[in-house]
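See below for the structure under consideration.
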Amino acid sequence: MPVAVQDDLFTPDVIANPYDYYGRLRHEDPVHWNQSYELWLITRHDDLVWLTRHHELFSSAVFRNDPRPAYPPIAESDLGLYDYVRSYQGDQFIQHDRPEHLEMRRVMHSYFTPKSMEAWRPFVREAVKDLLDEAEKKGSMDVMRDLATPLPVLVIAEMMGVPKAERPYIRQLAEKLLYIGRGEYDRMKPLTEGMRGMIDYVSPLVDKRIVDPGDDFISVLARGEKQGVFSRHQVLVNTSLLLLAGHETTINLLCNGTLAFTRHPEQWEALKEDPAGRAKQATEECLRYDSPVISIQRIATEDVEMRGKVLRKDDRVRWFISAANRDPDAFPNPDTFDIFRHPNQHVAFGSGTHHCLGATLARVEGQEVFKALAERFPNLRTQTDDLEYQPSITFRSLKALPVTLH
Amino acid sequence: MARKLKVWVDHQACVGNAMCESIAAKTFRLNDDRQSEVVDPAANTEAEILEAAENCPVSAIFVEDAETGERLFP
């Protein structure tokens, strides 16, 4: 039976609190057809796991394979810009299916193994210390501006060999690239500016690594071109992608996690009792409770039946991490923030062949931040409850998170 | 002769990334739930199996010397 729910995913109340809206869908109509955007919404944990592990049924080549116009609608005069967005996005390795996806991922995969990311922990710890030293002098900070943004930008820029002075520029471009998951009618202009800006910025860096490779991550991608796996445009686009993906989602983990602790004092107390021992499990619960990524899209490659409904070939299918991670059939008391939760099989990083390449790095950064905050600022408090989120159905991003430290 | 290995996958952790299968295809295979299973711990070389274990993004693969019980990974 069709369920009457409002169809606009970008209304202020859904953006402010996605859990009620998608939670209701998960309960009443877990495979839901959204007429406005001609889009299936998948909200149950088991369905999400099944879908992401059947990559042959649900293509990740969303931009290349979707013949329909952008959603929400964009200005007629921006259709040319949308074509550029499609060709840019289409070259990202995450927008490929097997066998190409596997070939591309293998170029990068060994750089991001749990063991090699663990080697970055001392660097991350030192960077957290420096940022918190600065904040301590002031007695307060905007977690977004002063910690959650500079830390992952610093780490990914270091991995990529991006000079220090140029890192703020990277962040500026990244902010434009974030329009990808948003609803503004005129979003194509800033989005394409960000894309072109990134290509222009990374182009000379890549030229240099082709001739003179080092042990940085751009050299890893440049090697992919020499092996014939990537075209030059693909190296440029994927360098930009990793610069963006390498920090944007982590920003959300750090902000949303910090906010969860300030709103659940008993959990904050529990973390403070043993920051080093509990940071790992606590980070997993932050990833589940208020996940950095809200939803991701696929395109059905053939007719597929899910819960009695038929998803037709070429239909848009969007799976909601934010809903699956609050599924009562997968997590007892799903709306409770509980850092001792075990097991905690959340899907914050997706699942299957496209499981997040940078998952371990994000985990290391989360663990080091939550541990350091608990050790150094036991009286951490948010300054206001009046918090705003970016109008995105892809990222769960606070605009700012002002806190006092003492 | 190569030593015998005991290899297993923790299914609470495995996310079906399938990198193990692509590195050591004779040892690891995805089951109906699309999680990795060990079909034959002697089918690939020890180096290949260890490479597969190291490349598991969620460290779900465990490798031991079957005779001595020595942990080889992680």
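Labels used: A, B, ... for chains in the order of the structure tokens, numbers from 1 for residues in each chain, and numbers from 1 for ligands as shown.
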Within 10 Å of A:Val49, counting only C-alpha atoms, which residues qualify if same-chain residues fewer than 3 places away don't, as JSON, numbers by chain? {"A": [44, 45, 46, 52, 53, 54, 319, 324, 346, 347, 350, 351, 352], "B": [15, 16, 33, 34]}
Report as a tab-separated table: every residue of chain A with an atom at most 10 Å from chain B, its closest pair of atoms, and their distance in Å to one decimal, counting only C-alpha atoms, with rows sorted by chain and ascending residue number.
residue	atom	partner	partner_atom	distance
A:Val49	CA	B:Val15	CA	8.6
A:Trp50	CA	B:Asp33	CA	7.8
A:Thr52	CA	B:Gly16	CA	9.3
A:Arg53	CA	B:Arg34	CA	6.2
A:His54	CA	B:Arg34	CA	7.9
A:Leu102	CA	B:Met19	CA	8.4
A:Glu103	CA	B:Ser22	CA	9.9
A:Arg105	CA	B:Met19	CA	9.4
A:Arg106	CA	B:Met19	CA	8.3
A:His109	CA	B:Asn55	CA	7.3
A:Ser110	CA	B:Asn55	CA	6.2
A:Tyr111	CA	B:Asn55	CA	9.3
A:Phe112	CA	B:Pro57	CA	7.9
A:Thr113	CA	B:Asn55	CA	5.5
A:Pro114	CA	B:Pro57	CA	6.2
A:Lys115	CA	B:Glu54	CA	7.2
A:Ser116	CA	B:Glu54	CA	9.4
A:Pro343	CA	B:Gln12	CA	8.0
A:Asn344	CA	B:Gln12	CA	9.1
A:Gln345	CA	B:Gln12	CA	7.3
A:Val347	CA	B:Val15	CA	9.1
A:Phe349	CA	B:Val15	CA	9.7
A:Gly350	CA	B:Val15	CA	8.5
A:Ser351	CA	B:Val15	CA	5.3
A:Gly352	CA	B:Asn17	CA	4.5
A:Thr353	CA	B:Asn17	CA	4.1
A:His354	CA	B:Asn17	CA	6.8
A:His355	CA	B:Asn17	CA	6.2
A:Cys356	CA	B:Pro57	CA	8.6
A:Leu357	CA	B:Pro57	CA	7.6
A:Gly358	CA	B:Pro57	CA	8.9
A:Ala359	CA	B:Pro57	CA	7.6
A:Thr360	CA	B:Pro57	CA	7.4
Contacts of A:Met159 at 9 Å or less, counting only C-alpha atoms, minus same-chain residues fewer than 2 places along, as a compact mmCIF listing (two decimals) with N, CA and C atoms, in the first residue's frame?
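The resulting file, part30.txt, is reproduced below:
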# COMPACT_ATOMS: atom_id res chain seq x y z
N LEU A 154 44.76 18.67 7.14
CA LEU A 154 46.20 18.56 7.39
C LEU A 154 46.71 17.16 7.05
N VAL A 155 45.97 16.14 7.49
CA VAL A 155 46.41 14.76 7.31
C VAL A 155 46.40 14.37 5.83
N ILE A 156 45.29 14.65 5.14
CA ILE A 156 45.21 14.22 3.74
C ILE A 156 46.19 15.04 2.88
N ALA A 157 46.35 16.33 3.24
CA ALA A 157 47.30 17.15 2.49
C ALA A 157 48.72 16.65 2.69
N GLY A 161 51.19 15.38 -0.15
CA GLY A 161 52.32 16.28 -0.40
C GLY A 161 51.88 17.66 -0.86
N VAL A 162 50.73 18.14 -0.37
CA VAL A 162 50.27 19.49 -0.69
C VAL A 162 50.92 20.48 0.28
N ASP A 215 56.82 9.07 -2.37
CA ASP A 215 56.03 8.06 -1.65
C ASP A 215 54.68 8.63 -1.21
N ASP A 216 54.29 9.77 -1.78
CA ASP A 216 53.02 10.39 -1.44
C ASP A 216 51.88 9.74 -2.23
N PHE A 217 50.65 10.09 -1.87
CA PHE A 217 49.51 9.42 -2.47
C PHE A 217 49.27 9.83 -3.93
N ILE A 218 49.60 11.07 -4.30
CA ILE A 218 49.42 11.46 -5.71
C ILE A 218 50.32 10.60 -6.61
Distance in Å - atom CA of A:Arg318 versus atom CA of A:Leu81: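 Between atom CA of A:Arg318 and atom CA of A:Leu81 the gap is 23.4 Å.
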Skip B:Trp8 itself and residues of its chain fewer than 5 positions away, then list as a VMD selection string all residues within 7 Å of it, counting only C-alpha atoms. chain B and resid 38 61 to 63
Looking at only C-alpha atoms, which of A:Asp47, A:Glu100, A:Tyr179, A:Ser231 is the one that sits closest to A:Arg26?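 Using only C-alpha atoms, A:Arg26 sits closest to A:Asp47.
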Could you check the closest approach to B:Ala25 for each of B:Ala2, B:Ala52, B:Ala47, B:Val9 and tell me which residue wins, using only C-alpha atoms?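 Closest to B:Ala25, using only C-alpha atoms: B:Ala52.
Proximity to B:His11 at 9 Å, evaluated using only C-alpha atoms and with sequence-adjacent residues fewer than 6 positions away removed, yields B:Gln35, B:Ser36, B:Glu37, B:Ala60.
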Output of the above residues as an mmCIF file, in the first residue's frame, restricted to N, CA and C atoms:
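For reference, part34.cif as written:
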data_model
loop_
_atom_site.group_PDB
_atom_site.id
_atom_site.type_symbol
_atom_site.label_atom_id
_atom_site.label_comp_id
_atom_site.auth_asym_id
_atom_site.auth_seq_id
_atom_site.Cartn_x
_atom_site.Cartn_y
_atom_site.Cartn_z
ATOM 1 N N GLN B 35 29.817 -12.712 2.079
ATOM 2 C CA GLN B 35 30.930 -12.580 3.009
ATOM 3 C C GLN B 35 31.989 -13.606 2.635
ATOM 4 N N SER B 36 33.231 -13.280 2.996
ATOM 5 C CA SER B 36 34.338 -14.134 2.600
ATOM 6 C C SER B 36 34.384 -15.419 3.417
ATOM 7 N N GLU B 37 34.677 -16.512 2.733
ATOM 8 C CA GLU B 37 34.889 -17.788 3.412
ATOM 9 C C GLU B 37 36.160 -18.427 2.891
ATOM 10 N N ALA B 60 39.464 -8.567 9.117
ATOM 11 C CA ALA B 60 38.604 -9.691 9.495
ATOM 12 C C ALA B 60 39.278 -11.048 9.257
#
Nearest-residue call for A:Tyr389, choices A:Arg298, A:Arg196, A:Arg182, A:Arg278, using only C-alpha atoms: A:Arg182
Closest to B:Thr27 among B:Ala43, B:Ala66, B:Leu72, B:Leu5, using only C-alpha atoms?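 Using only C-alpha atoms, the shortest distance to B:Thr27 belongs to B:Ala43.
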Expressed in Å to a single decimal, how great is the separation between atom CA of A:Met144 and atom CA of A:Ala400? 5.4 Å
Find the residues around A:Asp97 up to 8 Å (only C-alpha atoms counted), leave out those fewer than 4 positions away in its own chain, and share them as a compact mmCIF listing (two decimals) with C-alpha atoms, in the first residue's frame.
# COMPACT_ATOMS: atom_id res chain seq x y z
CA HIS A 55 26.94 -4.55 -6.82
CA GLU A 56 26.09 -6.35 -10.06
CA SER A 59 25.45 0.20 -10.57
CA SER A 60 27.67 2.83 -8.98
CA ALA A 61 28.13 4.55 -12.35
CA HIS A 101 36.32 -0.51 -10.25
CA LEU A 102 38.42 -3.36 -8.90
Between B:Leu30, B:Glu64, B:Arg71, B:Cys20, which is the closest to B:Glu48 once you count only C-alpha atoms?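 Once distances to B:Glu48 are computed over only C-alpha atoms, the minimum belongs to B:Cys20.
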Long-range neighbours of A:Trp33 as a list in words, 12 Å cut-off, only C-alpha atoms, 2 positions minimum in chain: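 In the requested format, the answer is Met1, Pro2, Val3, Ala4, Val5, Gln6, Asp7, Leu25, Asp29, Pro30, Val31, Gln35, Ser36, Tyr37, Glu38, Leu39, Trp40, Leu41, Ile42, Thr43, Met306, Lys309, Val310, Leu311, Arg312, Asp315, Arg316, Val317 and Arg318 of chain A.
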DSSP on the backbone, then: every residue of stretch 125-316 of chain A marked alpha helix (DSSP H), written as a ChimeraX atom specification. /A:125-138,150-160,167-177,188-211,217-226,232-263,265-273,275-289
